[in-house]
Structure formats: structure tokens, C-alpha cells
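Okay, model_37.txt is below, compact mmCIF, C-alpha atoms:
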```txt
# COMPACT_ATOMS: atom_id res chain seq x y z
CA MET A 1 -20.89 1.57 -0.83
CA ARG A 2 -21.39 4.78 1.12
CA LEU A 3 -20.60 8.11 -0.55
CA LEU A 4 -19.50 11.04 1.58
CA PRO A 5 -18.96 14.53 0.09
CA CYS A 6 -15.51 16.07 0.49
CA GLY A 7 -16.08 19.67 -0.51
CA ASP A 8 -17.72 20.34 -3.86
CA ARG A 9 -15.16 18.51 -6.03
CA ALA A 10 -14.59 15.14 -4.38
CA MET A 11 -16.29 12.32 -2.51
CA LEU A 12 -15.07 9.57 -0.24
CA VAL A 13 -16.38 6.14 -1.13
CA GLU A 14 -16.58 3.98 2.00
CA LEU A 15 -16.54 0.23 1.37
CA PRO A 16 -17.21 -2.75 3.65
CA ASP A 17 -13.79 -4.36 3.32
CA ALA A 18 -10.42 -4.28 1.55
CA ASP A 19 -11.48 -6.79 -1.10
CA THR A 20 -14.36 -4.56 -2.25
CA ARG A 21 -11.99 -1.59 -2.27
CA ARG A 22 -9.60 -3.55 -4.50
CA ARG A 23 -12.44 -4.32 -6.88
CA LEU A 24 -13.56 -0.67 -7.06
CA ASP A 25 -9.96 0.46 -7.62
CA ALA A 26 -9.57 -2.08 -10.45
CA THR A 27 -12.89 -0.99 -11.96
CA LEU A 28 -12.01 2.70 -11.91
CA ARG A 29 -8.65 1.95 -13.54
CA ARG A 30 -10.44 0.21 -16.40
CA THR A 31 -13.63 2.27 -16.66
CA SER A 32 -13.83 5.84 -17.92
CA ILE A 33 -16.36 8.03 -16.10
CA ASP A 34 -16.79 11.50 -17.55
CA GLY A 35 -15.81 14.14 -15.05
CA VAL A 36 -13.58 11.96 -12.87
CA LEU A 37 -10.12 13.53 -12.56
CA GLU A 38 -8.48 10.92 -10.32
CA HIS A 39 -9.14 8.37 -7.63
CA VAL A 40 -7.00 7.58 -4.59
CA PRO A 41 -7.41 4.18 -2.88
CA ALA A 42 -6.80 3.65 0.85
CA ALA A 43 -7.45 0.69 3.17
CA THR A 44 -11.24 0.46 2.76
CA THR A 45 -12.01 3.78 1.05
CA VAL A 46 -11.47 5.44 -2.33
CA LEU A 47 -11.34 9.21 -2.74
CA VAL A 48 -12.81 10.26 -6.10
CA ARG A 49 -12.04 13.76 -7.39
CA ALA A 50 -14.30 15.21 -10.09
CA GLU A 51 -14.69 18.24 -12.30
CA PRO A 52 -16.62 21.12 -10.73
CA GLY A 53 -20.37 20.56 -11.14
CA ASP A 54 -20.03 16.86 -12.04
CA LEU A 55 -20.10 15.40 -8.54
CA VAL A 56 -23.80 14.44 -8.44
CA ARG A 57 -23.66 12.70 -11.82
CA VAL A 58 -20.39 10.94 -10.94
CA ALA A 59 -21.96 9.73 -7.67
CA ARG A 60 -24.91 8.30 -9.61
CA GLU A 61 -22.59 6.46 -12.01
CA LEU A 62 -20.47 5.12 -9.17
CA ARG A 63 -23.56 3.56 -7.59
CA GLN A 64 -24.37 1.83 -10.88
CA LEU A 65 -20.88 0.42 -11.49
CA ARG A 66 -20.50 -3.31 -11.86
CA LEU A 67 -17.30 -4.09 -9.98
CA LEU A 68 -14.57 -6.11 -11.70
CA ASP A 69 -12.50 -8.75 -9.98
CA ALA A 70 -9.60 -7.22 -8.06
CA ASP A 71 -6.95 -8.54 -10.49
CA SER A 72 -8.77 -7.35 -13.60
CA GLY A 73 -7.23 -3.89 -13.51
CA ARG A 74 -3.69 -4.99 -12.64
CA SER A 75 -1.24 -4.07 -15.39
CA VAL A 76 2.03 -3.59 -13.50
CA ASP A 77 4.96 -5.99 -13.36
CA ASP A 78 5.95 -7.87 -10.23
CA LEU A 79 9.00 -6.57 -8.36
CA THR A 80 11.68 -8.25 -6.23
CA ILE A 81 13.23 -6.10 -3.49
CA PRO A 82 16.63 -7.20 -2.09
CA VAL A 83 16.77 -6.76 1.69
CA ILE A 84 19.59 -6.90 4.21
CA TYR A 85 17.85 -8.23 7.32
CA ASP A 86 19.66 -6.39 10.11
CA GLY A 87 16.93 -4.06 11.36
CA ALA A 88 17.01 -2.60 14.85
CA ASP A 89 13.71 -4.25 15.79
CA LEU A 90 14.26 -7.65 14.18
CA ALA A 91 14.86 -9.46 17.47
CA GLU A 92 11.92 -7.68 19.12
CA VAL A 93 9.61 -8.68 16.26
CA ALA A 94 10.71 -12.30 16.69
CA ALA A 95 9.97 -12.09 20.42
CA LEU A 96 6.54 -10.53 19.82
CA LEU A 97 5.63 -13.38 17.47
CA ASP A 98 7.31 -16.02 19.64
CA ILE A 99 9.45 -17.26 16.75
CA THR A 100 13.13 -17.05 15.80
CA VAL A 101 14.77 -14.25 13.84
CA ALA A 102 15.36 -16.75 11.01
CA GLU A 103 11.62 -17.50 10.93
CA VAL A 104 10.76 -13.78 10.73
CA ILE A 105 13.01 -13.51 7.66
CA ALA A 106 11.58 -16.72 6.19
CA ARG A 107 8.03 -15.46 6.60
CA HIS A 108 8.85 -12.05 5.11
CA THR A 109 10.61 -13.50 2.06
CA GLY A 110 8.36 -16.55 1.72
CA GLN A 111 5.16 -14.84 0.68
CA THR A 112 3.88 -12.46 -1.97
CA TRP A 113 3.10 -8.93 -0.87
CA THR A 114 0.70 -6.63 -2.70
CA VAL A 115 0.79 -2.82 -2.63
CA GLU A 116 -2.67 -2.00 -1.33
CA PHE A 117 -2.41 1.78 -1.40
CA ALA A 118 0.12 4.62 -1.10
CA GLY A 119 0.37 7.40 1.43
CA PHE A 120 2.34 9.01 4.27
CA ALA A 121 5.12 10.17 1.90
CA PRO A 122 5.78 10.08 -1.86
CA GLY A 123 6.74 6.51 -2.76
CA PHE A 124 5.54 4.92 0.48
CA GLY A 125 3.36 1.87 -0.20
CA TYR A 126 1.32 -0.15 2.27
CA LEU A 127 1.86 -3.85 1.50
CA ILE A 128 -0.37 -6.75 2.54
CA GLY A 129 1.12 -10.25 2.66
CA SER A 130 -0.56 -13.32 1.20
CA ASP A 131 0.00 -15.34 4.40
CA ASP A 132 -0.92 -12.68 6.99
CA ASN A 133 1.56 -14.12 9.51
CA LEU A 134 3.67 -11.10 10.50
CA GLN A 135 1.24 -8.85 12.37
CA VAL A 136 3.00 -6.77 15.01
CA PRO A 137 2.04 -3.44 16.63
CA ARG A 138 3.68 -0.15 15.86
CA ARG A 139 6.37 0.96 18.28
CA GLN A 140 5.03 2.69 21.39
CA THR A 141 7.57 5.47 20.86
CA PRO A 142 8.18 6.48 17.23
CA ARG A 143 11.69 7.29 16.06
CA THR A 144 12.48 10.85 15.02
CA ARG A 145 14.51 9.70 12.00
CA ILE A 146 14.38 6.45 10.06
CA PRO A 147 16.87 6.09 7.17
CA ALA A 148 15.66 5.79 3.59
CA GLY A 149 15.35 2.19 2.48
CA SER A 150 14.37 0.88 5.91
CA VAL A 151 11.99 -2.08 5.70
CA GLY A 152 9.37 -2.24 8.43
CA LEU A 153 6.28 -3.94 9.79
CA ALA A 154 3.23 -2.39 11.46
CA ASP A 155 -0.13 -4.06 12.09
CA GLN A 156 -0.81 -6.21 9.01
CA PHE A 157 1.38 -4.10 6.72
CA SER A 158 4.97 -4.13 5.51
CA GLY A 159 6.57 -1.09 3.94
CA VAL A 160 9.80 0.56 2.81
CA TYR A 161 10.64 4.11 3.82
CA PRO A 162 11.34 6.04 0.58
CA LYS A 163 13.28 8.80 2.33
CA ALA A 164 14.59 9.62 5.79
CA SER A 165 11.65 10.55 8.01
CA PRO A 166 10.10 10.03 11.44
CA GLY A 167 8.20 6.78 11.87
CA GLY A 168 6.87 4.21 14.25
CA TRP A 169 7.14 0.96 12.31
CA GLN A 170 9.14 -2.04 13.54
CA LEU A 171 12.37 -2.08 11.49
CA ILE A 172 13.52 -5.50 10.26
CA GLY A 173 15.93 -4.64 7.45
CA ARG A 174 16.99 -2.26 4.72
CA THR A 175 17.28 -2.10 0.95
CA GLU A 176 19.45 -0.06 -1.37
CA LEU A 177 16.73 0.00 -4.03
CA ALA A 178 15.29 3.52 -4.30
CA MET A 179 11.53 3.51 -3.74
CA TRP A 180 11.17 7.08 -5.04
CA ASP A 181 13.24 8.71 -7.77
CA VAL A 182 11.95 11.77 -9.62
CA ASP A 183 14.36 11.06 -12.49
CA ARG A 184 12.57 7.79 -13.36
CA ASP A 185 9.64 7.76 -15.79
CA ASP A 186 7.60 6.29 -12.93
CA PRO A 187 9.09 7.84 -9.76
CA ALA A 188 7.39 5.39 -7.36
CA LEU A 189 8.18 1.67 -7.38
CA LEU A 190 5.48 0.76 -4.88
CA ILE A 191 2.33 1.56 -6.81
CA PRO A 192 -1.09 0.10 -5.93
CA GLY A 193 -1.63 -3.36 -7.39
CA ARG A 194 2.05 -4.25 -7.78
CA ARG A 195 3.07 -7.60 -6.31
CA ILE A 196 6.30 -7.67 -4.33
CA ARG A 197 8.72 -10.40 -3.28
CA PHE A 198 11.43 -9.67 -0.72
CA GLU A 199 14.78 -11.41 -1.15
CA ALA A 200 17.36 -11.76 1.62
CA VAL A 201 20.84 -10.59 0.57
CA SER A 202 24.16 -10.08 2.33
CA ALA A 203 25.38 -6.67 3.39
```
Would you give me this structure, written as C-alpha cells?
Amino acid sequence: MRLLPCGDRAMLVELPDADTRRRLDATLRRTSIDGVLEHVPAATTVLVRAEPGDLVRVARELRQLRLLDADSGRSVDDLTIPVIYDGADLAEVAALLDITVAEVIARHTGQTWTVEFAGFAPGFGYLIGSDDNLQVPRRQTPRTRIPAGSVGLADQFSGVYPKASPGGWQLIGRTELAMWDVDRDDPALLIPGRRIRFEAVSA
């Protein structure tokens, strides 16, 4: 791992691949390091925030960590998300992959997705599929407003927009399940480590 300072109270841990990042995330969820306030996983990095003055010691302990298996820190239930597959880009996604619309839906619902990390907006999770068979580019021209609940694809990720916002993902469907609700005990449904299944439903 490579440690890069981010001011005097945080460091960015750069890792060689997503699997190592999963293992560090799992380890930090299970291991208490004095002075660590929080850690934030991303694709192949983890931001670690520490108490003032503790950064050097925390960095030393991070280098000495024995990483757990990625699943060792997982303690969240699986989640099924009902989706109405009528997205504006569904046909275009099928054309990009040279398959039928029905096959796009079958691939999206036929695999397990894992929330790798969160970002962009509260409640927005970046999901990686177990089959890695729906990779499409982002739209060349982003939309200025995408409705909440829109289900999209971009690069190797799938995601669900938690609220109306601009965005450039390829839209394949929508769900009525709220991804972010401040009135819930856990406002975000798509939290890192959670496994997701998408289920096709009628409008």
C-alpha cells in the first residue's frame, strides 16, 4: 500500500486493485486503531481520517495490518431491488453490447451485485456485478436531470440515483424503493459490502 498525506488529519491509502481495497475495508471495519475517526473506501483507495497528532502512528499501524478476507467484515443483509425496465437508454445499451433488450435485463437481474463504495450523492452506491458482462461507457452528453430511482450503468458499475440530479449514466430502468431516507435508522440502503439482486417487475 502507498500512503499519501491529505492535510494533517487524514491520509489516502492507495492499493493495487479493488480486491485489496475490499480486504483493507473489511479489516478496518473489524479492527480498532486508536486515533482513527473514520475510513472511506473508493475504487482502489481508502481515505483514513485520524485525530490531530495521531497520523504518523496510525500510518505505522496501517502498514503493519494483516488484511482479512474481503467477506470477513461483511455484516449487512442482502437486498433485492424491484426494477421496472423501461429506461431511456435500454435499447442503446443492448445495441452497444450487441444483444437484445431481454438479454440486458436477464444479465442485470441474473447476477449478484456488491456495493463497492459510496459517493457522488448521499445514498449513491457503486455496484460491481459478479459476472462483469454489462460494461458500457457513460453517455457522451450527460443529462441535466435524472429522476430519483433511475437505475443506470456506466463502465463496470451499476447504480441507482437516490434523488433527482444531473448524470451521465446509461438509464435502463427505475425503482420505487427509496435509496436514501433520513427518517430511516440507516438512511442509505446501498452501503459498502451489501449484496444486491435486481428483480424485474411490471409498471
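If you measure from each of A:Ser202, A:Gly7, A:Ala148, A:Ile196 to Asp77 of chain A using only C-alpha atoms, the closest one turns out to be A:Ile196.
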Counting all atoms listed in the file, figure out which residue out of A:Ile84, A:Phe157, A:Val115, A:Thr175 gets nearest to Ala188 of chain A.
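With all atoms listed in the file as the atom set, the closest residue is A:Val115.
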Which residues come within 7 Å of Val151 of chain A, counting only C-alpha atoms, excluding same-chain residues fewer than 2 positions away, as a list in words?
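Near Val151 of chain A, the qualifying residues are Gly149, Gly159, Val160, Tyr161, Leu171, Ile172, Gly173 and Arg174 of chain A.
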Using all atoms listed in the file, determine which residues lie at most 10 Å from segment 56-58 of chain A, disregarding the query and same-chain residues fewer than 3 positions distant; provide the list as an MDAnalysis selection string.
chainID A and resid 5 8:11 33:36 48:51 53 61:64
Exercise: residues within 10 Å of coordinate (6.6, -4.3, 11.8), counting only C-alpha atoms, as a PyMOL selection string:
chain A and resi 89-90+92-93+134-139+151-159+168-172
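If you look at atom CA of Ala106 of chain A and atom CA of Ile128 of chain A, they are 16.0 Å away from each other.
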Considering only C-alpha atoms, can you say which of A:Ala203, A:Leu3, A:Leu97, A:Leu68 comes closest to Leu47 of chain A?
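Between A:Ala203, A:Leu3, A:Leu97, A:Leu68, the residue approaching Leu47 of chain A most closely is A:Leu3.
Interatomic distance, atom CA of Arg66 of chain A against atom CA of Val46 of chain A: 15.8 Å.
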Kindly extract all protein, DNA and RNA residues lying within 8 Å of the coordinates (17.8, -10.6, 11.9) given in the file, considering only C-alpha atoms, and supply them as a list in words.
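Nearby residues: Tyr85, Asp86, Gly87, Leu90, Ala91, Val101, Ala102, Val104, Ile105, Ile172 and Gly173 of chain A.
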Would you mind exporting the chosen residues as a PDB file, in the frame of the given file, restricted to C-alpha atoms?
```
ATOM      1  CA  TYR A  85      17.850  -8.230   7.320  1.00  0.00           C
ATOM      2  CA  ASP A  86      19.660  -6.390  10.110  1.00  0.00           C
ATOM      3  CA  GLY A  87      16.930  -4.060  11.360  1.00  0.00           C
ATOM      4  CA  LEU A  90      14.260  -7.650  14.180  1.00  0.00           C
ATOM      5  CA  ALA A  91      14.860  -9.460  17.470  1.00  0.00           C
ATOM      6  CA  VAL A 101      14.770 -14.250  13.840  1.00  0.00           C
ATOM      7  CA  ALA A 102      15.360 -16.750  11.010  1.00  0.00           C
ATOM      8  CA  VAL A 104      10.760 -13.780  10.730  1.00  0.00           C
ATOM      9  CA  ILE A 105      13.010 -13.510   7.660  1.00  0.00           C
ATOM     10  CA  ILE A 172      13.520  -5.500  10.260  1.00  0.00           C
ATOM     11  CA  GLY A 173      15.930  -4.640   7.450  1.00  0.00           C
TER      12      GLY A 173
END
```
Two-atom distance - atom CA of Ser32 of chain A, atom CA of Ala18 of chain A (Å)
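Taking atom CA of Ser32 of chain A as the start and atom CA of Ala18 of chain A as the end point, the length is 22.2 Å.
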Point out the residue among A:Thr31, A:Pro192, A:Leu24, A:Ile99 with the least atom-to-atom distance to Leu127 of chain A, counting only C-alpha atoms.
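The closest residue to Leu127 of chain A is A:Pro192.
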